[in-house]
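S.K.: Here you go, this is structure.cif (mmCIF, C-alpha atoms).
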```
data_protein
loop_
_atom_site.group_PDB
_atom_site.id
_atom_site.type_symbol
_atom_site.label_atom_id
_atom_site.label_comp_id
_atom_site.auth_asym_id
_atom_site.auth_seq_id
_atom_site.Cartn_x
_atom_site.Cartn_y
_atom_site.Cartn_z
ATOM 1 C CA MET J 30 44.118 1.901 8.112
ATOM 2 C CA ASN J 31 44.121 0.586 11.661
ATOM 3 C CA TRP J 32 47.548 -1.014 11.806
ATOM 4 C CA HIS J 33 51.044 0.356 11.449
ATOM 5 C CA SER J 34 52.774 -3.012 11.263
ATOM 6 C CA TRP J 35 52.034 -6.721 10.991
ATOM 7 C CA SER J 36 53.119 -7.284 14.577
ATOM 8 C CA GLU J 37 50.624 -4.670 15.713
ATOM 9 C CA PHE J 38 47.970 -6.460 13.643
ATOM 10 C CA ALA J 39 48.897 -9.796 15.231
ATOM 11 C CA ALA J 40 48.787 -8.332 18.742
ATOM 12 C CA MET J 41 45.191 -7.067 18.306
ATOM 13 C CA GLY J 42 45.702 -4.400 20.952
ATOM 14 C CA GLY J 43 46.434 -7.045 23.578
ATOM 15 C CA TYR J 44 43.396 -9.173 22.727
ATOM 16 C CA ALA J 45 45.206 -11.567 20.356
ATOM 17 C CA LEU J 46 44.178 -14.685 22.299
ATOM 18 C CA TYR J 47 40.484 -13.794 22.160
ATOM 19 C CA VAL J 48 40.276 -12.398 18.639
ATOM 20 C CA TRP J 49 42.501 -15.007 16.964
ATOM 21 C CA GLY J 50 41.059 -17.743 19.165
ATOM 22 C CA SER J 51 37.633 -16.869 17.752
ATOM 23 C CA TYR J 52 38.637 -16.493 14.118
ATOM 24 C CA SER J 53 40.925 -19.547 13.995
ATOM 25 C CA VAL J 54 38.349 -21.914 15.497
ATOM 26 C CA THR J 55 35.646 -20.567 13.158
ATOM 27 C CA LEU J 56 37.951 -21.122 10.178
ATOM 28 C CA VAL J 57 38.814 -24.655 11.321
ATOM 29 C CA VAL J 58 35.113 -25.508 11.776
ATOM 30 C CA LEU J 59 34.075 -24.195 8.350
ATOM 31 C CA ILE J 60 37.040 -25.729 6.472
ATOM 32 C CA GLY J 61 36.482 -28.941 8.438
ATOM 33 C CA GLU J 62 32.842 -29.044 7.362
ATOM 34 C CA ILE J 63 33.801 -28.528 3.718
ATOM 35 C CA VAL J 64 36.400 -31.336 3.886
ATOM 36 C CA ALA J 65 33.906 -33.601 5.685
ATOM 37 C CA LEU J 66 31.330 -32.958 2.947
ATOM 38 C CA PHE J 67 33.812 -33.846 0.192
ATOM 39 C CA MET J 68 34.765 -37.033 2.040
ATOM 40 C CA ARG J 69 31.138 -37.940 2.669
ATOM 41 C CA ARG J 70 30.311 -37.581 -1.025
ATOM 42 C CA GLN J 71 33.247 -39.753 -2.064
ATOM 43 C CA GLY J 72 32.367 -42.306 0.617
ATOM 44 C CA VAL J 73 28.733 -42.485 -0.510
ATOM 45 C CA ILE J 74 29.710 -42.957 -4.158
ATOM 46 C CA GLU J 75 32.267 -45.662 -3.322
ATOM 47 C CA ARG J 76 29.852 -47.490 -1.023
ATOM 48 C CA LEU J 77 27.067 -47.400 -3.573
ATOM 49 C CA ALA J 78 29.348 -48.586 -6.398
ATOM 50 C CA LYS J 79 30.288 -51.612 -4.262
ATOM 51 C CA TYR J 80 26.651 -52.155 -3.337
ATOM 52 C CA TYR J 81 25.562 -52.198 -6.982
ATOM 53 C CA ALA J 82 28.480 -54.442 -7.958
ATOM 54 C CA ALA J 83 27.506 -56.944 -5.247
ATOM 55 C CA HIS J 84 23.924 -56.822 -6.484
ATOM 56 C CA ARG J 85 24.974 -57.531 -10.054
ATOM 57 C CA ARG J 86 27.118 -60.502 -8.933
ATOM 58 C CA ASN J 87 24.165 -61.946 -7.001
ATOM 59 C CA HIS J 88 22.045 -61.517 -10.078
ATOM 60 C CA GLU J 89 24.546 -63.294 -12.319
ATOM 61 C CA THR J 90 24.961 -66.310 -9.993
ATOM 62 C CA GLU J 91 21.194 -66.648 -9.764
ATOM 63 C CA ALA J 92 20.864 -66.655 -13.556
ATOM 64 C CA MET T 9 1.685 -17.432 -11.132
ATOM 65 C CA THR T 10 0.978 -19.236 -14.382
ATOM 66 C CA LYS T 11 0.220 -22.894 -14.590
ATOM 67 C CA SER T 12 3.553 -23.752 -16.206
ATOM 68 C CA GLU T 13 5.526 -21.921 -13.482
ATOM 69 C CA ARG T 14 3.683 -23.738 -10.765
ATOM 70 C CA PHE T 15 4.396 -26.994 -12.503
ATOM 71 C CA SER T 16 8.098 -26.176 -12.636
ATOM 72 C CA TRP T 17 8.255 -25.610 -8.862
ATOM 73 C CA PHE T 18 6.649 -28.963 -8.164
ATOM 74 C CA HIS T 19 9.001 -30.415 -10.722
ATOM 75 C CA PHE T 20 11.960 -29.716 -8.395
ATOM 76 C CA SER T 21 10.247 -31.082 -5.292
ATOM 77 C CA SER T 22 11.253 -34.612 -6.208
ATOM 78 C CA PRO T 23 14.724 -35.893 -5.227
ATOM 79 C CA ASN T 24 15.757 -36.976 -8.735
ATOM 80 C CA THR T 25 15.060 -33.551 -10.257
ATOM 81 C CA PHE T 26 16.365 -31.584 -7.249
ATOM 82 C CA TYR T 27 19.669 -33.479 -7.174
ATOM 83 C CA PRO T 28 21.079 -32.038 -10.439
ATOM 84 C CA LEU T 29 19.624 -28.579 -9.682
ATOM 85 C CA ALA T 30 21.396 -28.578 -6.294
ATOM 86 C CA GLY T 31 24.580 -29.690 -8.023
ATOM 87 C CA THR T 32 24.380 -26.780 -10.474
ATOM 88 C CA LEU T 33 23.580 -24.141 -7.840
ATOM 89 C CA GLN T 34 25.985 -25.319 -5.132
ATOM 90 C CA PRO T 35 29.298 -24.024 -6.635
ATOM 91 C CA TRP T 36 27.722 -20.597 -7.227
ATOM 92 C CA PHE T 37 26.634 -20.258 -3.607
ATOM 93 C CA ALA T 38 30.086 -21.448 -2.503
ATOM 94 C CA ALA T 39 31.816 -18.863 -4.715
ATOM 95 C CA ILE T 40 29.554 -16.010 -3.559
ATOM 96 C CA ALA T 41 30.117 -17.087 0.064
ATOM 97 C CA ALA T 42 33.897 -17.035 -0.374
ATOM 98 C CA LEU T 43 33.781 -13.622 -2.014
ATOM 99 C CA LEU T 44 31.530 -12.122 0.678
ATOM 100 C CA CYS T 45 33.695 -13.547 3.481
ATOM 101 C CA VAL T 46 36.879 -12.112 1.951
ATOM 102 C CA VAL T 47 35.277 -8.663 1.594
ATOM 103 C CA GLY T 48 33.682 -8.988 5.054
ATOM 104 C CA LEU T 49 36.989 -9.944 6.689
ATOM 105 C CA TYR T 50 38.767 -7.070 4.979
ATOM 106 C CA ILE T 51 36.210 -4.603 6.345
ATOM 107 C CA SER T 52 36.295 -6.292 9.769
ATOM 108 C CA PHE T 53 40.026 -5.875 10.219
ATOM 109 C CA PHE T 54 41.134 -3.005 7.987
ATOM 110 C CA VAL T 55 38.189 -0.655 7.497
ATOM 111 C CA ALA T 56 36.156 -0.809 10.720
ATOM 112 C CA PRO T 57 37.754 1.415 13.359
ATOM 113 C CA THR T 58 38.917 0.373 16.806
ATOM 114 C CA ASP T 59 36.078 0.453 19.336
ATOM 115 C CA ALA T 60 36.326 3.272 21.849
ATOM 116 C CA GLN T 61 35.321 1.073 24.808
ATOM 117 C CA GLN T 62 36.414 -2.442 23.939
ATOM 118 C CA GLY T 63 39.521 -1.772 21.849
ATOM 119 C CA GLU T 64 40.222 -4.552 19.358
ATOM 120 C CA ALA T 65 38.354 -7.231 21.345
ATOM 121 C CA TYR T 66 35.095 -6.087 19.751
ATOM 122 C CA ARG T 67 36.257 -7.468 16.359
ATOM 123 C CA ILE T 68 34.879 -10.823 17.481
ATOM 124 C CA ILE T 69 31.456 -9.321 16.677
ATOM 125 C CA PHE T 70 32.014 -9.860 12.941
ATOM 126 C CA ILE T 71 31.754 -13.618 13.361
ATOM 127 C CA HIS T 72 29.889 -13.869 16.662
ATOM 128 C CA VAL T 73 26.691 -12.061 15.631
ATOM 129 C CA PRO T 74 26.449 -13.567 12.107
ATOM 130 C CA ALA T 75 27.051 -17.072 13.540
ATOM 131 C CA ALA T 76 24.408 -16.510 16.226
ATOM 132 C CA TRP T 77 21.925 -15.258 13.617
ATOM 133 C CA MET T 78 22.597 -18.283 11.406
ATOM 134 C CA SER T 79 22.236 -20.673 14.358
ATOM 135 C CA MET T 80 18.694 -19.382 14.977
ATOM 136 C CA PHE T 81 17.733 -18.871 11.325
ATOM 137 C CA LEU T 82 18.873 -22.345 10.242
ATOM 138 C CA TYR T 83 16.850 -23.837 13.093
ATOM 139 C CA LEU T 84 13.725 -22.047 11.860
ATOM 140 C CA VAL T 85 14.399 -23.261 8.309
ATOM 141 C CA MET T 86 14.956 -26.787 9.645
ATOM 142 C CA GLY T 87 11.692 -26.556 11.583
ATOM 143 C CA PHE T 88 9.885 -25.311 8.470
ATOM 144 C CA TRP T 89 11.062 -28.151 6.206
ATOM 145 C CA SER T 90 10.469 -30.669 9.005
ATOM 146 C CA GLY T 91 6.897 -29.404 9.228
ATOM 147 C CA VAL T 92 6.423 -29.558 5.458
ATOM 148 C CA GLY T 93 7.787 -33.113 5.448
ATOM 149 C CA LEU T 94 5.514 -34.104 8.300
ATOM 150 C CA VAL T 95 2.317 -32.578 6.904
ATOM 151 C CA LEU T 96 2.735 -33.162 3.164
ATOM 152 C CA ASN T 97 4.729 -36.374 3.566
ATOM 153 C CA THR T 98 7.325 -35.236 1.031
ATOM 154 C CA ARG T 99 10.671 -37.020 1.156
ATOM 155 C CA LEU T 100 12.774 -34.138 -0.127
ATOM 156 C CA ALA T 101 11.570 -31.676 2.552
ATOM 157 C CA SER T 102 12.640 -34.097 5.286
ATOM 158 C CA MET T 103 15.990 -34.687 3.589
ATOM 159 C CA VAL T 104 16.617 -30.922 3.526
ATOM 160 C CA ALA T 105 15.804 -30.734 7.256
ATOM 161 C CA THR T 106 18.271 -33.562 7.917
ATOM 162 C CA ALA T 107 20.928 -31.791 5.852
ATOM 163 C CA LEU T 108 20.433 -28.489 7.720
ATOM 164 C CA ALA T 109 21.092 -29.819 11.221
ATOM 165 C CA PRO T 110 24.915 -30.242 11.202
ATOM 166 C CA THR T 111 25.551 -26.802 9.692
ATOM 167 C CA GLY T 112 23.149 -25.234 12.198
ATOM 168 C CA ALA T 113 24.847 -27.063 15.049
ATOM 169 C CA TRP T 114 28.283 -25.844 13.952
ATOM 170 C CA PHE T 115 27.115 -22.235 13.780
ATOM 171 C CA THR T 116 25.636 -22.614 17.265
ATOM 172 C CA PHE T 117 28.977 -23.931 18.469
ATOM 173 C CA ILE T 118 30.796 -20.999 16.819
ATOM 174 C CA ALA T 119 28.389 -18.511 18.442
ATOM 175 C CA LEU T 120 29.006 -20.069 21.875
ATOM 176 C CA TRP T 121 32.756 -20.359 21.385
ATOM 177 C CA THR T 122 33.302 -16.815 20.140
ATOM 178 C CA GLY T 123 30.912 -15.604 22.834
ATOM 179 C CA ALA T 124 33.052 -17.205 25.520
ATOM 180 C CA LEU T 125 36.207 -15.670 24.042
ATOM 181 C CA TRP T 126 34.506 -12.294 23.915
ATOM 182 C CA GLY T 127 33.009 -12.624 27.396
ATOM 183 C CA LYS T 128 36.341 -13.222 29.114
ATOM 184 C CA PRO T 129 37.977 -9.851 28.291
ATOM 185 C CA THR T 130 34.758 -7.792 28.466
ATOM 186 C CA TRP T 131 32.747 -9.410 31.296
ATOM 187 C CA GLY T 132 35.617 -11.143 33.069
ATOM 188 C CA THR T 133 34.105 -14.597 32.632
ATOM 189 C CA TRP T 134 33.966 -17.252 29.898
ATOM 190 C CA TRP T 135 30.451 -18.302 30.781
ATOM 191 C CA VAL T 136 27.448 -17.312 32.893
ATOM 192 C CA TRP T 137 24.141 -19.138 33.188
ATOM 193 C CA ASP T 138 22.133 -16.153 32.018
ATOM 194 C CA ALA T 139 19.053 -16.469 29.796
ATOM 195 C CA ARG T 140 20.756 -15.671 26.467
ATOM 196 C CA LEU T 141 23.692 -18.017 26.910
ATOM 197 C CA THR T 142 21.653 -20.835 28.416
ATOM 198 C CA SER T 143 18.966 -20.750 25.702
ATOM 199 C CA GLU T 144 21.662 -20.736 23.001
ATOM 200 C CA LEU T 145 23.255 -23.785 24.655
ATOM 201 C CA ILE T 146 19.824 -25.456 24.611
ATOM 202 C CA LEU T 147 19.713 -24.728 20.865
ATOM 203 C CA LEU T 148 22.950 -26.687 20.445
ATOM 204 C CA PHE T 149 21.411 -29.591 22.385
ATOM 205 C CA LEU T 150 18.298 -29.430 20.185
ATOM 206 C CA TYR T 151 20.409 -29.738 17.034
ATOM 207 C CA ILE T 152 22.428 -32.608 18.549
ATOM 208 C CA GLY T 153 19.240 -34.270 19.799
ATOM 209 C CA PHE T 154 17.676 -34.018 16.329
ATOM 210 C CA MET T 155 20.707 -35.634 14.691
ATOM 211 C CA ALA T 156 21.030 -38.332 17.374
ATOM 212 C CA LEU T 157 17.330 -39.209 17.186
ATOM 213 C CA GLN T 158 17.417 -39.503 13.388
ATOM 214 C CA ALA T 159 20.593 -41.587 13.535
ATOM 215 C CA ALA T 160 19.047 -43.939 16.103
ATOM 216 C CA ILE T 161 16.049 -44.888 13.926
ATOM 217 C CA ASP T 162 16.742 -47.277 11.075
ATOM 218 C CA ASP T 163 13.658 -46.608 8.969
ATOM 219 C CA PRO T 164 14.318 -43.222 7.288
ATOM 220 C CA ARG T 165 10.643 -42.244 7.058
ATOM 221 C CA ARG T 166 10.103 -42.905 10.773
ATOM 222 C CA ALA T 167 13.343 -41.073 11.535
ATOM 223 C CA ASP T 168 11.990 -38.104 9.534
ATOM 224 C CA LYS T 169 8.766 -38.039 11.517
ATOM 225 C CA ALA T 170 10.388 -38.385 14.946
ATOM 226 C CA GLY T 171 12.996 -35.745 14.055
ATOM 227 C CA ALA T 172 10.297 -33.400 12.743
ATOM 228 C CA VAL T 173 8.338 -33.552 16.005
ATOM 229 C CA LEU T 174 11.492 -32.765 17.998
ATOM 230 C CA ALA T 175 12.475 -29.955 15.608
ATOM 231 C CA LEU T 176 9.009 -28.370 15.737
ATOM 232 C CA VAL T 177 8.758 -28.510 19.532
ATOM 233 C CA GLY T 178 12.234 -26.941 19.714
ATOM 234 C CA VAL T 179 11.212 -23.981 17.523
ATOM 235 C CA ILE T 180 9.768 -22.380 20.687
ATOM 236 C CA ASN T 181 13.363 -21.926 21.871
ATOM 237 C CA VAL T 182 14.280 -19.559 19.021
ATOM 238 C CA PRO T 183 12.116 -16.592 20.109
ATOM 239 C CA ILE T 184 13.227 -17.305 23.672
ATOM 240 C CA ILE T 185 16.859 -16.842 22.590
ATOM 241 C CA TYR T 186 16.066 -13.757 20.551
ATOM 242 C CA PHE T 187 14.006 -11.947 23.178
ATOM 243 C CA SER T 188 15.899 -13.265 26.213
ATOM 244 C CA VAL T 189 17.881 -10.039 26.513
ATOM 245 C CA LYS T 190 14.598 -8.115 26.758
ATOM 246 C CA TRP T 191 12.584 -10.477 28.931
ATOM 247 C CA TRP T 192 15.211 -11.145 31.551
ATOM 248 C CA SER T 193 18.006 -9.147 33.029
ATOM 249 C CA THR T 194 21.044 -10.661 31.358
ATOM 250 C CA LEU T 195 24.753 -9.976 31.281
ATOM 251 C CA HIS T 196 24.528 -10.226 27.500
ATOM 252 C CA GLN T 197 23.934 -6.917 25.764
ATOM 253 C CA GLY T 198 20.737 -6.124 23.872
ATOM 254 C CA ALA T 199 20.243 -6.495 20.119
ATOM 255 C CA SER T 200 22.959 -4.780 18.062
ATOM 256 C CA VAL T 201 20.600 -4.329 15.145
ATOM 257 C CA SER T 202 16.855 -3.835 15.415
ATOM 258 C CA MET T 203 14.095 -2.918 13.026
ATOM 259 C CA LYS T 204 12.806 -0.077 15.181
ATOM 260 C CA SER T 205 15.839 2.012 16.044
ATOM 261 C CA ALA T 206 19.068 3.080 14.394
ATOM 262 C CA PRO T 207 21.894 0.596 14.970
ATOM 263 C CA SER T 208 24.032 1.395 17.997
ATOM 264 C CA MET T 209 27.285 1.044 16.104
ATOM 265 C CA ALA T 210 29.485 2.752 13.505
ATOM 266 C CA THR T 211 28.350 2.334 9.889
ATOM 267 C CA THR T 212 31.489 0.497 8.755
ATOM 268 C CA MET T 213 31.129 -1.913 11.688
ATOM 269 C CA LEU T 214 27.512 -2.563 10.740
ATOM 270 C CA ILE T 215 28.351 -3.063 7.047
ATOM 271 C CA GLY T 216 31.172 -5.486 7.910
ATOM 272 C CA MET T 217 28.853 -7.465 10.143
ATOM 273 C CA LEU T 218 26.067 -7.599 7.556
ATOM 274 C CA ILE T 219 28.442 -8.722 4.797
ATOM 275 C CA MET T 220 29.814 -11.469 7.040
ATOM 276 C CA ALA T 221 26.247 -12.519 7.861
ATOM 277 C CA LEU T 222 25.417 -12.688 4.157
ATOM 278 C CA GLY T 223 28.604 -14.690 3.579
ATOM 279 C CA PHE T 224 27.672 -17.170 6.322
ATOM 280 C CA TRP T 225 24.192 -17.412 4.837
ATOM 281 C CA MET T 226 25.515 -18.246 1.370
ATOM 282 C CA TYR T 227 28.004 -20.675 2.928
ATOM 283 C CA SER T 228 25.136 -22.406 4.742
ATOM 284 C CA ILE T 229 23.172 -22.799 1.503
ATOM 285 C CA ALA T 230 26.243 -24.237 -0.252
ATOM 286 C CA ALA T 231 26.984 -26.660 2.610
ATOM 287 C CA VAL T 232 23.359 -27.784 2.925
ATOM 288 C CA LEU T 233 23.016 -28.325 -0.834
ATOM 289 C CA ALA T 234 26.204 -30.431 -0.823
ATOM 290 C CA ARG T 235 24.941 -32.446 2.138
ATOM 291 C CA VAL T 236 21.421 -32.953 0.816
ATOM 292 C CA ARG T 237 22.950 -34.402 -2.365
ATOM 293 C CA CYS T 238 24.721 -37.033 -0.237
ATOM 294 C CA VAL T 239 21.509 -37.749 1.678
ATOM 295 C CA ILE T 240 19.569 -38.110 -1.591
ATOM 296 C CA LEU T 241 22.095 -40.601 -3.010
ATOM 297 C CA GLU T 242 22.034 -42.654 0.193
ATOM 298 C CA ARG T 243 18.286 -42.736 0.568
ATOM 299 C CA GLU T 244 17.341 -43.120 -3.103
ATOM 300 C CA ARG T 245 19.940 -45.831 -3.773
ATOM 301 C CA HIS T 246 17.246 -48.290 -4.819
ATOM 302 C CA THR T 247 16.242 -46.112 -7.749
ATOM 303 C CA GLU T 248 17.561 -46.497 -11.251
ATOM 304 C CA TRP T 249 18.656 -42.880 -11.643
ATOM 305 C CA VAL T 250 20.985 -43.059 -8.613
ATOM 306 C CA MET T 251 22.429 -46.263 -9.997
ATOM 307 C CA LYS T 252 23.176 -44.450 -13.271
ATOM 308 C CA GLU T 253 24.455 -41.367 -11.414
ATOM 309 C CA VAL T 254 26.967 -43.363 -9.382
ATOM 310 C CA GLY T 255 28.172 -45.127 -12.509
ATOM 311 C CA GLY T 256 26.806 -48.609 -12.005
ATOM 312 C CA GLN T 257 24.977 -50.176 -14.923
ATOM 313 C CA ALA T 258 21.402 -51.217 -14.365
#
```
Could you write out this structure as structure tokens?

M.R.:
Amino acid sequence: MNWHSWSEFAAMGGYALYVWGSYSVTLVVLIGEIVALFMRRQGVIERLAKYYAAHRRNHETEA
Amino acid sequence: MTKSERFSWFHFSSPNTFYPLAGTLQPWFAAIAALLCVVGLYISFFVAPTDAQQGEAYRIIFIHVPAAWMSMFLYLVMGFWSGVGLVLNTRLASMVATALAPTGAWFTFIALWTGALWGKPTWGTWWVWDARLTSELILLFLYIGFMALQAAIDDPRRADKAGAVLALVGVINVPIIYFSVKWWSTLHQGASVSMKSAPSMATTMLIGMLIMALGFWMYSIAAVLARVRCVILERERHTEWVMKEVGGQA
């Protein structure tokens, strides 16, 4: 085990800014990409549902 | 390879058969990625010892090197599928290339960002215009250029072709990045892992790094599969199966 306490772990031997700055930004990027992908999927499905509904309405008024 | 196996591979090269396959595989890759990253992070912080020269600052390696590997590897994969799409004129190959670009760009950004944060305490500077760093920055611009070019062209098939040409020309940059530390005198250190010699690092460090790299790889597959499913829905919206998939009645 490398660490004797949580505060020692957080301090990263004096390199906290660099180590946690790297890991936190990486985490934010990856989580952000996952969230963006979920939102994109929902957005696509909603947009397409509207698009098909509009198409059906056009079809009905024509007929 | 038997005739029926060959048939089954071609079977999945069409968007409407690949879409459900991607949907089935995607959660598995995501789960394996999460598992590998948890194990990798545990090794990175609790098993791998403190570095004799760099102290704890070296722990950035566990995301920096895997991210840099993925940034180059995903570009090669993107170039490959771009080429397949260009030569064989297959829609799905081009869609996969399109779906790869954002994930590749983000890994390039992570490699540059963590590199800067590692450079400051070890080299005394966030950035230098040496061959390794500059060629990696060019890789980021190639990814961004690919996405911008595709977004600027309305006709998806023309966007595929233009993007593919850019992606393929840019492939030349990948070996330049990889060998830059050999070809030029750079501030960046040489390869941590090579095929020819024993790795210049402790075994637990190496294992942690490899597990993180595998985790990032599985993550990339999961993210790209999720994104290619969105691209397929958007681009195949005129087909009946997408209409059914989204829940509209034909």

S.K.: What are the residues of chain T that have an atom within 10 Å of an atom of chain J, counting only C-alpha atoms, as number ranges by chain?

M.R.: T: 53-58, 62-72, 75, 110-111, 114-115, 117-119, 121-129, 224, 227-228, 230-232, 234-235, 237-239, 241-242, 245-246, 250-251, 253-258

S.K.: Using only C-alpha atoms, which residues sit within 8 Å of T:Thr106 once same-chain residues fewer than 5 positions away are excluded, as a PDB file with C-alpha atoms, keeping the file's coordinate frame?

M.R.:
```pdb
ATOM      1  CA  MET T  86      14.956 -26.787   9.645  1.00  0.00           C
ATOM      2  CA  MET T 155      20.707 -35.634  14.691  1.00  0.00           C
ATOM      3  CA  ASP T 168      11.990 -38.104   9.534  1.00  0.00           C
ATOM      4  CA  VAL T 236      21.421 -32.953   0.816  1.00  0.00           C
TER       5      VAL T 236
END
```

S.K.: Tell me, in Å to one decimal, how far atom CA of J:Ile60 is from atom CA of T:Thr32.

M.R.: 21.2 Å

S.K.: Please provide as a ChimeraX atom specification all residues within 10 Å of T:Leu214, with the sequence filter that same-chain residues fewer than 4 positions apart are discarded (counting all atoms listed in the file).

M.R.: /T:51-52,56,69-70,200-201,207-210,218-220

S.K.: Check the smallest atom-to-atom distance from each of T:Ala139, T:Val85, T:Ile215, T:Val47 to T:Val104 using only C-alpha atoms, then report the winner.

M.R.: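 For T:Val104, the nearest of the candidates is T:Val85.
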